[in-house]
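*Asks:* Next comes the structure file structure29.pdb, holding PDB, C-alpha atoms, pLDDT in the B column.
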```pdb
MODEL        1
ATOM      1  CA  MET A   1     -27.312  21.034  19.805  1.00 84.00           C
ATOM      2  CA  ALA A   2     -23.998  20.416  18.083  1.00 93.00           C
ATOM      3  CA  LYS A   3     -21.824  23.425  17.298  1.00 97.00           C
ATOM      4  CA  ILE A   4     -18.818  22.959  15.015  1.00 98.00           C
ATOM      5  CA  ALA A   5     -16.127  25.496  14.139  1.00 98.00           C
ATOM      6  CA  VAL A   6     -14.348  24.969  10.808  1.00 98.00           C
ATOM      7  CA  PHE A   7     -11.435  27.112   9.669  1.00 98.00           C
ATOM      8  CA  ASP A   8      -8.616  27.461   7.177  1.00 97.00           C
ATOM      9  CA  SER A   9      -7.069  30.344   5.234  1.00 96.00           C
ATOM     10  CA  GLY A  10      -9.976  30.907   2.857  1.00 95.00           C
ATOM     11  CA  LEU A  11     -12.401  28.927   0.698  1.00 95.00           C
ATOM     12  CA  GLY A  12     -11.031  25.470   1.498  1.00 94.00           C
ATOM     13  CA  SER A  13     -13.294  24.935   4.501  1.00 96.00           C
ATOM     14  CA  LEU A  14     -16.354  24.963   2.243  1.00 96.00           C
ATOM     15  CA  SER A  15     -15.610  21.484   0.904  1.00 94.00           C
ATOM     16  CA  ILE A  16     -15.540  20.077   4.435  1.00 97.00           C
ATOM     17  CA  ILE A  17     -18.647  22.023   5.477  1.00 97.00           C
ATOM     18  CA  LYS A  18     -20.595  20.775   2.458  1.00 96.00           C
ATOM     19  CA  ALA A  19     -19.727  17.165   3.289  1.00 96.00           C
ATOM     20  CA  ILE A  20     -20.758  17.583   6.945  1.00 97.00           C
ATOM     21  CA  GLN A  21     -24.072  19.208   6.057  1.00 97.00           C
ATOM     22  CA  LYS A  22     -24.814  16.433   3.577  1.00 96.00           C
ATOM     23  CA  ILE A  23     -24.967  13.726   6.249  1.00 96.00           C
ATOM     24  CA  SER A  24     -25.788  15.570   9.500  1.00 96.00           C
ATOM     25  CA  LYS A  25     -27.408  18.693  10.938  1.00 96.00           C
ATOM     26  CA  SER A  26     -25.451  21.146  13.070  1.00 96.00           C
ATOM     27  CA  GLU A  27     -24.608  24.778  13.716  1.00 97.00           C
ATOM     28  CA  ILE A  28     -21.398  25.552  11.850  1.00 98.00           C
ATOM     29  CA  ILE A  29     -19.088  28.498  12.467  1.00 98.00           C
ATOM     30  CA  TYR A  30     -16.917  29.015   9.381  1.00 98.00           C
ATOM     31  CA  PHE A  31     -13.808  31.141   9.849  1.00 98.00           C
ATOM     32  CA  ALA A  32     -11.871  32.089   6.710  1.00 98.00           C
ATOM     33  CA  ASP A  33      -8.522  33.356   7.991  1.00 97.00           C
ATOM     34  CA  GLN A  34      -7.748  35.401   4.889  1.00 96.00           C
ATOM     35  CA  GLU A  35      -5.433  37.725   6.764  1.00 96.00           C
ATOM     36  CA  ASN A  36      -2.987  34.799   6.912  1.00 96.00           C
ATOM     37  CA  TYR A  37      -3.607  33.364   3.417  1.00 96.00           C
ATOM     38  CA  PRO A  38      -1.864  31.295   2.170  1.00 95.00           C
ATOM     39  CA  TYR A  39      -0.970  28.772   4.868  1.00 95.00           C
ATOM     40  CA  GLY A  40       0.887  26.826   2.190  1.00 92.00           C
ATOM     41  CA  VAL A  41       4.002  29.018   2.209  1.00 91.00           C
ATOM     42  CA  LYS A  42       4.243  29.557   5.981  1.00 93.00           C
ATOM     43  CA  SER A  43       6.974  28.079   8.175  1.00 93.00           C
ATOM     44  CA  GLN A  44       6.159  25.688  11.003  1.00 93.00           C
ATOM     45  CA  VAL A  45       6.790  28.419  13.577  1.00 95.00           C
ATOM     46  CA  GLN A  46       4.510  30.881  11.766  1.00 96.00           C
ATOM     47  CA  LEU A  47       1.749  28.303  11.359  1.00 96.00           C
ATOM     48  CA  SER A  48       1.950  27.238  14.974  1.00 96.00           C
ATOM     49  CA  LYS A  49       1.277  30.805  16.156  1.00 97.00           C
ATOM     50  CA  ILE A  50      -1.568  31.289  13.645  1.00 97.00           C
ATOM     51  CA  ILE A  51      -3.343  28.002  14.408  1.00 97.00           C
ATOM     52  CA  LYS A  52      -3.025  28.288  18.196  1.00 96.00           C
ATOM     53  CA  LYS A  53      -4.384  31.844  18.087  1.00 97.00           C
ATOM     54  CA  SER A  54      -7.311  30.849  15.856  1.00 97.00           C
ATOM     55  CA  ILE A  55      -8.265  27.884  18.044  1.00 97.00           C
ATOM     56  CA  LYS A  56      -8.080  30.025  21.188  1.00 97.00           C
ATOM     57  CA  LEU A  57     -10.274  32.753  19.678  1.00 97.00           C
ATOM     58  CA  LEU A  58     -12.847  30.274  18.392  1.00 98.00           C
ATOM     59  CA  GLU A  59     -12.989  28.654  21.832  1.00 97.00           C
ATOM     60  CA  GLU A  60     -13.433  32.017  23.579  1.00 97.00           C
ATOM     61  CA  LYS A  61     -16.017  33.479  21.208  1.00 97.00           C
ATOM     62  CA  PHE A  62     -18.149  30.462  20.311  1.00 97.00           C
ATOM     63  CA  SER A  63     -17.418  27.556  22.719  1.00 97.00           C
ATOM     64  CA  PRO A  64     -17.817  24.969  19.917  1.00 97.00           C
ATOM     65  CA  ASP A  65     -18.235  21.263  20.630  1.00 97.00           C
ATOM     66  CA  PHE A  66     -15.651  20.488  17.947  1.00 98.00           C
ATOM     67  CA  ILE A  67     -13.090  22.408  15.902  1.00 98.00           C
ATOM     68  CA  ILE A  68     -11.890  21.299  12.475  1.00 98.00           C
ATOM     69  CA  VAL A  69      -8.539  22.583  11.237  1.00 98.00           C
ATOM     70  CA  ALA A  70      -9.671  22.303   7.609  1.00 97.00           C
ATOM     71  CA  SER A  71      -6.241  22.573   6.049  1.00 96.00           C
ATOM     72  CA  ASN A  72      -3.756  19.815   5.292  1.00 96.00           C
ATOM     73  CA  THR A  73      -0.729  22.089   5.693  1.00 96.00           C
ATOM     74  CA  PRO A  74      -0.979  22.759   9.459  1.00 96.00           C
ATOM     75  CA  SER A  75      -2.439  19.279   9.954  1.00 96.00           C
ATOM     76  CA  LEU A  76       0.784  17.768   8.592  1.00 95.00           C
ATOM     77  CA  MET A  77       3.185  20.286  10.108  1.00 95.00           C
ATOM     78  CA  LEU A  78       1.666  20.555  13.600  1.00 95.00           C
ATOM     79  CA  ASN A  79       0.242  18.152  16.165  1.00 90.00           C
ATOM     80  CA  VAL A  80      -3.212  19.637  16.771  1.00 90.00           C
ATOM     81  CA  ILE A  81      -5.456  16.601  17.318  1.00 90.00           C
ATOM     82  CA  THR A  82      -7.360  16.309  20.608  1.00 94.00           C
ATOM     83  CA  LYS A  83     -10.752  14.808  21.479  1.00 93.00           C
ATOM     84  CA  LYS A  84     -12.236  18.127  20.423  1.00 96.00           C
ATOM     85  CA  ILE A  85      -9.993  19.107  17.504  1.00 97.00           C
ATOM     86  CA  PHE A  86      -9.966  17.336  14.134  1.00 97.00           C
ATOM     87  CA  ASP A  87      -7.483  17.809  11.311  1.00 96.00           C
ATOM     88  CA  VAL A  88      -7.332  16.845   7.633  1.00 96.00           C
ATOM     89  CA  LYS A  89      -4.559  14.656   6.235  1.00 96.00           C
ATOM     90  CA  PRO A  90      -3.995  12.848   2.906  1.00 97.00           C
ATOM     91  CA  PRO A  91      -6.309   9.802   2.676  1.00 96.00           C
ATOM     92  CA  LEU A  92      -3.477   7.448   1.764  1.00 97.00           C
ATOM     93  CA  GLN A  93      -5.191   4.210   2.806  1.00 96.00           C
ATOM     94  CA  GLU A  94      -8.115   5.049   0.537  1.00 96.00           C
ATOM     95  CA  ALA A  95      -5.642   5.840  -2.260  1.00 97.00           C
ATOM     96  CA  LYS A  96      -3.928   2.495  -1.705  1.00 96.00           C
ATOM     97  CA  LYS A  97      -7.247   0.672  -2.202  1.00 96.00           C
ATOM     98  CA  LYS A  98      -8.055   2.596  -5.398  1.00 96.00           C
ATOM     99  CA  SER A  99      -4.660   2.456  -7.126  1.00 97.00           C
ATOM    100  CA  LYS A 100      -4.001  -0.332  -9.613  1.00 97.00           C
ATOM    101  CA  THR A 101      -0.548   0.851 -10.702  1.00 97.00           C
ATOM    102  CA  LYS A 102       0.502   1.369  -7.053  1.00 97.00           C
ATOM    103  CA  GLN A 103       1.868   4.765  -8.058  1.00 98.00           C
ATOM    104  CA  ILE A 104       0.186   7.420  -5.876  1.00 98.00           C
ATOM    105  CA  GLY A 105       0.496  11.199  -5.951  1.00 98.00           C
ATOM    106  CA  ILE A 106      -0.014  13.548  -3.012  1.00 98.00           C
ATOM    107  CA  LEU A 107      -1.080  16.945  -4.321  1.00 98.00           C
ATOM    108  CA  ALA A 108      -0.544  19.489  -1.555  1.00 96.00           C
ATOM    109  CA  THR A 109       0.867  22.943  -0.814  1.00 96.00           C
ATOM    110  CA  LYS A 110       4.550  23.785  -1.082  1.00 93.00           C
ATOM    111  CA  SER A 111       5.002  23.850   2.717  1.00 94.00           C
ATOM    112  CA  ALA A 112       3.176  20.550   3.230  1.00 95.00           C
ATOM    113  CA  ILE A 113       5.154  18.796   0.487  1.00 95.00           C
ATOM    114  CA  SER A 114       8.504  19.786   1.984  1.00 94.00           C
ATOM    115  CA  SER A 115       7.488  19.172   5.603  1.00 95.00           C
ATOM    116  CA  LYS A 116       8.938  16.515   7.897  1.00 95.00           C
ATOM    117  CA  GLY A 117       5.366  15.912   8.997  1.00 96.00           C
ATOM    118  CA  LEU A 118       4.349  14.555   5.585  1.00 96.00           C
ATOM    119  CA  THR A 119       7.434  12.333   5.422  1.00 96.00           C
ATOM    120  CA  GLN A 120       6.594  10.942   8.858  1.00 96.00           C
ATOM    121  CA  TYR A 121       2.934  10.519   7.958  1.00 96.00           C
ATOM    122  CA  ILE A 122       3.845   8.468   4.876  1.00 97.00           C
ATOM    123  CA  LYS A 123       6.125   6.258   7.021  1.00 96.00           C
ATOM    124  CA  GLU A 124       3.342   5.744   9.551  1.00 95.00           C
ATOM    125  CA  ASN A 125       1.129   4.290   6.811  1.00 94.00           C
ATOM    126  CA  ASN A 126       3.740   1.536   6.446  1.00 93.00           C
ATOM    127  CA  PHE A 127       3.220   0.809   2.753  1.00 94.00           C
ATOM    128  CA  PRO A 128       4.994  -2.113   1.059  1.00 93.00           C
ATOM    129  CA  LYS A 129       7.916  -1.193  -1.195  1.00 92.00           C
ATOM    130  CA  LYS A 130       5.907  -1.809  -4.369  1.00 95.00           C
ATOM    131  CA  ILE A 131       3.782   1.262  -3.587  1.00 97.00           C
ATOM    132  CA  LYS A 132       5.453   4.499  -4.614  1.00 97.00           C
ATOM    133  CA  ILE A 133       4.394   7.895  -3.285  1.00 97.00           C
ATOM    134  CA  PHE A 134       5.074  11.066  -5.285  1.00 98.00           C
ATOM    135  CA  LYS A 135       4.806  14.502  -3.668  1.00 97.00           C
ATOM    136  CA  ILE A 136       3.449  17.189  -6.003  1.00 97.00           C
ATOM    137  CA  SER A 137       3.309  20.894  -5.123  1.00 96.00           C
ATOM    138  CA  GLY A 138      -0.138  22.292  -5.854  1.00 96.00           C
ATOM    139  CA  SER A 139       0.223  25.780  -4.357  1.00 95.00           C
ATOM    140  CA  ASP A 140      -0.440  27.372  -7.762  1.00 96.00           C
ATOM    141  CA  LEU A 141      -3.667  25.355  -7.996  1.00 97.00           C
ATOM    142  CA  VAL A 142      -4.733  26.592  -4.558  1.00 96.00           C
ATOM    143  CA  ASP A 143      -4.330  30.133  -5.901  1.00 95.00           C
ATOM    144  CA  LEU A 144      -6.695  29.298  -8.782  1.00 96.00           C
ATOM    145  CA  VAL A 145      -9.387  28.555  -6.215  1.00 95.00           C
ATOM    146  CA  GLU A 146      -8.793  31.432  -3.827  1.00 94.00           C
ATOM    147  CA  SER A 147      -8.592  33.952  -6.694  1.00 93.00           C
ATOM    148  CA  GLY A 148     -11.881  32.684  -8.138  1.00 92.00           C
ATOM    149  CA  LYS A 149     -10.309  31.748 -11.477  1.00 94.00           C
ATOM    150  CA  PHE A 150     -11.665  28.212 -11.118  1.00 95.00           C
ATOM    151  CA  LEU A 151     -15.052  29.782 -11.862  1.00 92.00           C
ATOM    152  CA  SER A 152     -14.182  32.745 -14.092  1.00 93.00           C
ATOM    153  CA  ASN A 153     -11.372  31.385 -16.293  1.00 95.00           C
ATOM    154  CA  LYS A 154     -11.594  27.626 -16.650  1.00 95.00           C
ATOM    155  CA  LYS A 155      -9.425  27.473 -19.788  1.00 95.00           C
ATOM    156  CA  TYR A 156      -6.564  29.127 -17.924  1.00 97.00           C
ATOM    157  CA  CYS A 157      -7.066  26.717 -15.024  1.00 97.00           C
ATOM    158  CA  GLN A 158      -6.871  23.703 -17.360  1.00 96.00           C
ATOM    159  CA  LYS A 159      -3.592  25.074 -18.704  1.00 97.00           C
ATOM    160  CA  ILE A 160      -2.088  25.394 -15.206  1.00 97.00           C
ATOM    161  CA  ILE A 161      -3.392  21.974 -14.155  1.00 97.00           C
ATOM    162  CA  LYS A 162      -1.723  20.373 -17.175  1.00 97.00           C
ATOM    163  CA  LYS A 163       1.533  22.260 -16.561  1.00 96.00           C
ATOM    164  CA  ILE A 164       1.734  21.045 -12.954  1.00 96.00           C
ATOM    165  CA  LEU A 165       0.531  17.449 -13.331  1.00 97.00           C
ATOM    166  CA  GLU A 166       1.099  16.180 -16.880  1.00 96.00           C
ATOM    167  CA  GLN A 167       4.790  15.264 -16.757  1.00 95.00           C
ATOM    168  CA  THR A 168       4.667  13.708 -13.285  1.00 96.00           C
ATOM    169  CA  ILE A 169       1.580  11.619 -14.061  1.00 97.00           C
ATOM    170  CA  LEU A 170       2.866  10.267 -17.385  1.00 95.00           C
ATOM    171  CA  LYS A 171       6.459   9.709 -16.297  1.00 96.00           C
ATOM    172  CA  ASN A 172       5.498   7.738 -13.187  1.00 97.00           C
ATOM    173  CA  ASN A 173       2.288   6.009 -14.341  1.00 97.00           C
ATOM    174  CA  ILE A 174       0.329   7.595 -11.487  1.00 98.00           C
ATOM    175  CA  ASP A 175      -3.332   6.551 -11.437  1.00 98.00           C
ATOM    176  CA  THR A 176      -4.415   7.935  -8.038  1.00 98.00           C
ATOM    177  CA  ILE A 177      -3.898  11.366  -6.471  1.00 98.00           C
ATOM    178  CA  THR A 178      -4.954  12.599  -3.032  1.00 98.00           C
ATOM    179  CA  LEU A 179      -6.334  16.137  -3.023  1.00 97.00           C
ATOM    180  CA  SER A 180      -4.361  17.197   0.030  1.00 97.00           C
ATOM    181  CA  SER A 181      -5.393  20.811   0.266  1.00 96.00           C
ATOM    182  CA  THR A 182      -9.045  21.451   1.021  1.00 95.00           C
ATOM    183  CA  HIS A 183      -8.978  24.205  -1.620  1.00 96.00           C
ATOM    184  CA  LEU A 184      -8.248  21.568  -4.256  1.00 96.00           C
ATOM    185  CA  LEU A 185     -11.569  19.832  -3.625  1.00 94.00           C
ATOM    186  CA  LEU A 186     -13.267  22.820  -5.279  1.00 94.00           C
ATOM    187  CA  LEU A 187     -11.054  22.217  -8.302  1.00 96.00           C
ATOM    188  CA  LYS A 188     -11.985  18.537  -8.582  1.00 96.00           C
ATOM    189  CA  PRO A 189     -14.418  18.920 -11.545  1.00 96.00           C
ATOM    190  CA  LEU A 190     -11.662  20.553 -13.624  1.00 97.00           C
ATOM    191  CA  LEU A 191      -9.088  17.965 -12.549  1.00 97.00           C
ATOM    192  CA  LYS A 192     -11.452  15.138 -13.545  1.00 97.00           C
ATOM    193  CA  LYS A 193     -12.143  16.795 -16.871  1.00 96.00           C
ATOM    194  CA  GLN A 194      -8.411  17.022 -17.616  1.00 96.00           C
ATOM    195  CA  TYR A 195      -7.620  13.517 -16.305  1.00 97.00           C
ATOM    196  CA  PRO A 196     -10.784  11.368 -16.367  1.00 97.00           C
ATOM    197  CA  LYS A 197      -8.855   8.133 -15.734  1.00 96.00           C
ATOM    198  CA  ILE A 198      -7.152   9.381 -12.563  1.00 97.00           C
ATOM    199  CA  ASN A 199      -8.669   8.647  -9.152  1.00 97.00           C
ATOM    200  CA  PHE A 200      -8.745  11.950  -7.257  1.00 98.00           C
ATOM    201  CA  ILE A 201      -9.288  11.077  -3.596  1.00 96.00           C
ATOM    202  CA  ASP A 202     -11.354  13.519  -1.543  1.00 93.00           C
ATOM    203  CA  PRO A 203     -10.878  13.454   2.277  1.00 94.00           C
ATOM    204  CA  SER A 204     -13.990  15.523   3.065  1.00 95.00           C
ATOM    205  CA  GLU A 205     -16.321  12.515   3.381  1.00 92.00           C
ATOM    206  CA  ILE A 206     -13.929  10.858   5.841  1.00 94.00           C
ATOM    207  CA  ILE A 207     -13.967  13.945   8.086  1.00 96.00           C
ATOM    208  CA  ALA A 208     -17.744  14.283   7.778  1.00 97.00           C
ATOM    209  CA  LYS A 209     -18.261  10.682   8.905  1.00 96.00           C
ATOM    210  CA  LYS A 210     -16.000  11.203  11.937  1.00 95.00           C
ATOM    211  CA  ILE A 211     -18.007  14.268  12.918  1.00 96.00           C
ATOM    212  CA  PHE A 212     -21.309  12.463  12.375  1.00 96.00           C
ATOM    213  CA  LEU A 213     -20.300   9.700  14.788  1.00 95.00           C
ATOM    214  CA  LYS A 214     -19.600  12.350  17.411  1.00 95.00           C
ATOM    215  CA  ILE A 215     -22.826  14.339  16.992  1.00 95.00           C
ATOM    216  CA  LYS A 216     -25.393  11.813  15.749  1.00 92.00           C
ATOM    217  CA  ASN A 217     -27.282  11.890  19.058  1.00 92.00           C
ATOM    218  CA  ASN A 218     -26.970  15.651  19.481  1.00 91.00           C
ATOM    219  CA  GLN A 219     -27.915  17.057  16.081  1.00 93.00           C
ATOM    220  CA  SER A 220     -29.681  20.334  15.423  1.00 90.00           C
ATOM    221  CA  LYS A 221     -33.135  20.472  13.839  1.00 90.00           C
ATOM    222  CA  LYS A 222     -31.619  22.094  10.756  1.00 94.00           C
ATOM    223  CA  ASN A 223     -28.248  23.137   9.380  1.00 96.00           C
ATOM    224  CA  SER A 224     -27.046  26.682   9.996  1.00 97.00           C
ATOM    225  CA  LEU A 225     -23.920  28.466   8.806  1.00 97.00           C
ATOM    226  CA  LYS A 226     -22.326  31.616  10.216  1.00 98.00           C
ATOM    227  CA  ILE A 227     -19.397  32.991   8.236  1.00 98.00           C
ATOM    228  CA  PHE A 228     -16.488  35.062   9.499  1.00 98.00           C
ATOM    229  CA  THR A 229     -13.245  36.337   7.947  1.00 98.00           C
ATOM    230  CA  SER A 230     -10.121  38.056   9.219  1.00 97.00           C
ATOM    231  CA  GLY A 231      -9.701  39.737   5.830  1.00 96.00           C
ATOM    232  CA  ASN A 232     -11.737  42.154   3.723  1.00 96.00           C
ATOM    233  CA  ILE A 233     -15.433  41.406   4.281  1.00 97.00           C
ATOM    234  CA  LYS A 234     -16.667  42.796   0.958  1.00 96.00           C
ATOM    235  CA  ILE A 235     -14.076  40.949  -1.125  1.00 95.00           C
ATOM    236  CA  PHE A 236     -14.789  37.648   0.603  1.00 96.00           C
ATOM    237  CA  GLN A 237     -18.539  38.202   0.283  1.00 96.00           C
ATOM    238  CA  ARG A 238     -18.110  38.619  -3.483  1.00 94.00           C
ATOM    239  CA  LYS A 239     -16.124  35.374  -3.676  1.00 93.00           C
ATOM    240  CA  LEU A 240     -18.853  33.499  -1.841  1.00 96.00           C
ATOM    241  CA  ASN A 241     -21.590  35.053  -3.972  1.00 94.00           C
ATOM    242  CA  LYS A 242     -19.884  33.717  -7.114  1.00 91.00           C
ATOM    243  CA  ILE A 243     -20.099  30.231  -5.633  1.00 91.00           C
ATOM    244  CA  GLY A 244     -23.758  30.763  -4.779  1.00 92.00           C
ATOM    245  CA  ILE A 245     -23.399  31.350  -1.029  1.00 95.00           C
ATOM    246  CA  LYS A 246     -25.439  34.368   0.070  1.00 94.00           C
ATOM    247  CA  ASN A 247     -24.824  34.239   3.841  1.00 96.00           C
ATOM    248  CA  ASN A 248     -23.587  37.465   5.389  1.00 96.00           C
ATOM    249  CA  VAL A 249     -19.875  37.647   6.173  1.00 97.00           C
ATOM    250  CA  ASN A 250     -18.733  39.103   9.498  1.00 97.00           C
ATOM    251  CA  LEU A 251     -15.337  40.309  10.695  1.00 97.00           C
ATOM    252  CA  PHE A 252     -13.409  38.049  13.065  1.00 95.00           C
ATOM    253  CA  PRO A 253     -12.102  38.500  15.634  1.00 88.00           C
ATOM    254  CA  PHE A 254     -14.819  40.979  16.542  1.00 77.00           C
TER     255      PHE A 254
ENDMDL
END
```
In structure tokens, how does this file's structure come out?

*Replies:*
Amino acid sequence: MAKIAVFDSGLGSLSIIKAIQKISKSEIIYFADQENYPYGVKSQVQLSKIIKKSIKLLEEKFSPDFIIVASNTPSLMLNVITKKIFDVKPPLQEAKKKSKTKQIGILATKSAISSKGLTQYIKENNFPKKIKIFKISGSDLVDLVESGKFLSNKKYCQKIIKKILEQTILKNNIDTITLSSTHLLLLKPLLKKQYPKINFIDPSEIIAKKIFLKIKNNQSKKNSLKIFTSGNIKIFQRKLNKIGIKNNVNLFPF
């Protein structure tokens, strides 16, 4: 039966896992690499070491059929894709279809926004000149998710969302924004509440469909989820409990 390992620096993987479990059945190993949180301020050299080590450990301990690097930052800064490894990148073609003003924002971490990888990725999409792409740093929004404030202090979150997005959206007539950190997908309800007319594009369904095509003939009888962290088990367990996830958290590597 299909075994999938999904990892990032914390809660971001949950958005991808939820989308996968919605359309297919598999055994999922979820690794929250909290020891290295946040990925969004790491250099390319630092990230390369972290990601390679994580992939190697997941391979050795679990022998998964597929591994998802569920973070846009290393996906844009490193070349990790193989037949077995999936990454997550801004869904720009989907944003192109949705946008009427042809003014598109990419909301991502500080490291991703300033990376050569994102610049190259935008070029590879080969958009016509009438389409404008605006890079917006959302590292402070990622912190709202990882800290749990997106659940405990929504008024404060709305204030930070407005501070980061308001001027850029209004000044440039942006009508579509890609949520290019998997953490940000957990913030989507608050983003939509603040900006109901903006299209916030979620890449999780795209990844889930790719996985489904790979495992559709090798699915499990039911979904299962095993959770691991490289950080403090009790703290991460409390974070998950607030979201409604009661699964036990284990230390990794063990």

*Asks:* Extract, using only C-alpha atoms, all DNA, RNA and protein residues at most 7 Å from region 153-160 of chain A, discarding same-chain residues fewer than 3 positions from it, and format them as a PyMOL selection string.

*Replies:* chain A and resi 144+149-150+163-164+190+194

*Asks:* If we count all atoms listed in the file, what is near region 204-212 of chain A at a cut-off of 7 Å, once residues fewer than 4 positions away on the same chain are taken out, given as JSON, numbers by chain?

*Replies:* {"A": [15, 16, 19, 20, 24, 216]}

*Asks:* Any idea what the distance is between CA of Thr168 (chain A) and CA of Phe200 (chain A)?

*Replies:* 14.8 Å

*Asks:* Kindly assemble as a Markdown table a list of the region 130-240 of chain A residues that lie within 8 Å of region 70-90 of chain A, each paired with its nearest atom pair and their distance in Å to one decimal, using all atoms listed in the file, sorted first by chain and then by ascending residue number.

*Replies:*
```
| residue | atom | partner | partner_atom | distance |
| --- | --- | --- | --- | --- |
| A:Thr178 | CA | A:Pro90 | CA | 6.0 |
| A:Leu179 | CA | A:Pro90 | CA | 7.2 |
| A:Ser180 | CA | A:Pro90 | CA | 5.2 |
| A:Ser181 | CA | A:Asn72 | CA | 5.4 |
| A:Thr182 | CA | A:Ser71 | CA | 5.9 |
| A:Pro203 | CA | A:Pro90 | CA | 6.9 |
| A:Ile207 | CA | A:Val88 | CA | 7.3 |
```

*Asks:* Which neighbours of Gly244 (chain A) fall inside 12 Å, counting all atoms listed in the file, when residues of the same chain fewer than 6 positions from it are skipped, and could you give them as JSON, numbers by chain?

*Replies:* {"A": [14, 151, 237, 238]}

*Asks:* Which is closer to Phe254 (chain A) than all the others in A:Lys192, A:Ser48, A:Gln219, A:Leu57, using all atoms listed in the file?

*Replies:*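 So, comparing all the options, the nearest one is A:Leu57.
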
*Asks:* Run the PyMOL selection byres ((chain A and resi 223) around 6) mentally over the shown coordinates, then write out the matched residues as JSON, numbers by chain, using the chain letters and numbers from the document.

*Replies:* {"A": [25, 26, 27, 222, 224]}

*Asks:* Limited to C-alpha atoms, could you put the picked residues into a file as a short mmCIF file (atom, residue, chain, number, x, y, z; two decimals), in the coordinates of the input?

*Replies:*
```cif
data_model
loop_
_atom_site.label_atom_id
_atom_site.label_comp_id
_atom_site.auth_asym_id
_atom_site.auth_seq_id
_atom_site.Cartn_x
_atom_site.Cartn_y
_atom_site.Cartn_z
CA LYS A 25 -27.41 18.69 10.94
CA SER A 26 -25.45 21.15 13.07
CA GLU A 27 -24.61 24.78 13.72
CA LYS A 222 -31.62 22.09 10.76
CA SER A 224 -27.05 26.68 10.00
#
```

*Asks:* When you look at Lys53 (chain A) with a cut-off of 12 Å (counting all atoms listed in the file), what residues show up, excluding the ones that are within fewer than 4 positions of it in the same chain? I need them as a list of chain:residue names.

*Replies:*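 My reading of the contact set: A:Phe7, A:Asp33, A:Asn36, A:Gln46, A:Leu47, A:Ser48, A:Lys49, A:Leu57, A:Leu58, A:Glu59, A:Glu60, A:Pro253.
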
*Asks:* Suppose you want the space between CA of Asp8 (chain A) and CA of Leu184 (chain A); what is it in Å?

*Replies:* 12.9 Å

*Asks:* Do you have the CA of Gly231 (chain A)-CA of Gln34 (chain A) distance handy?

*Replies:* 4.8 Å
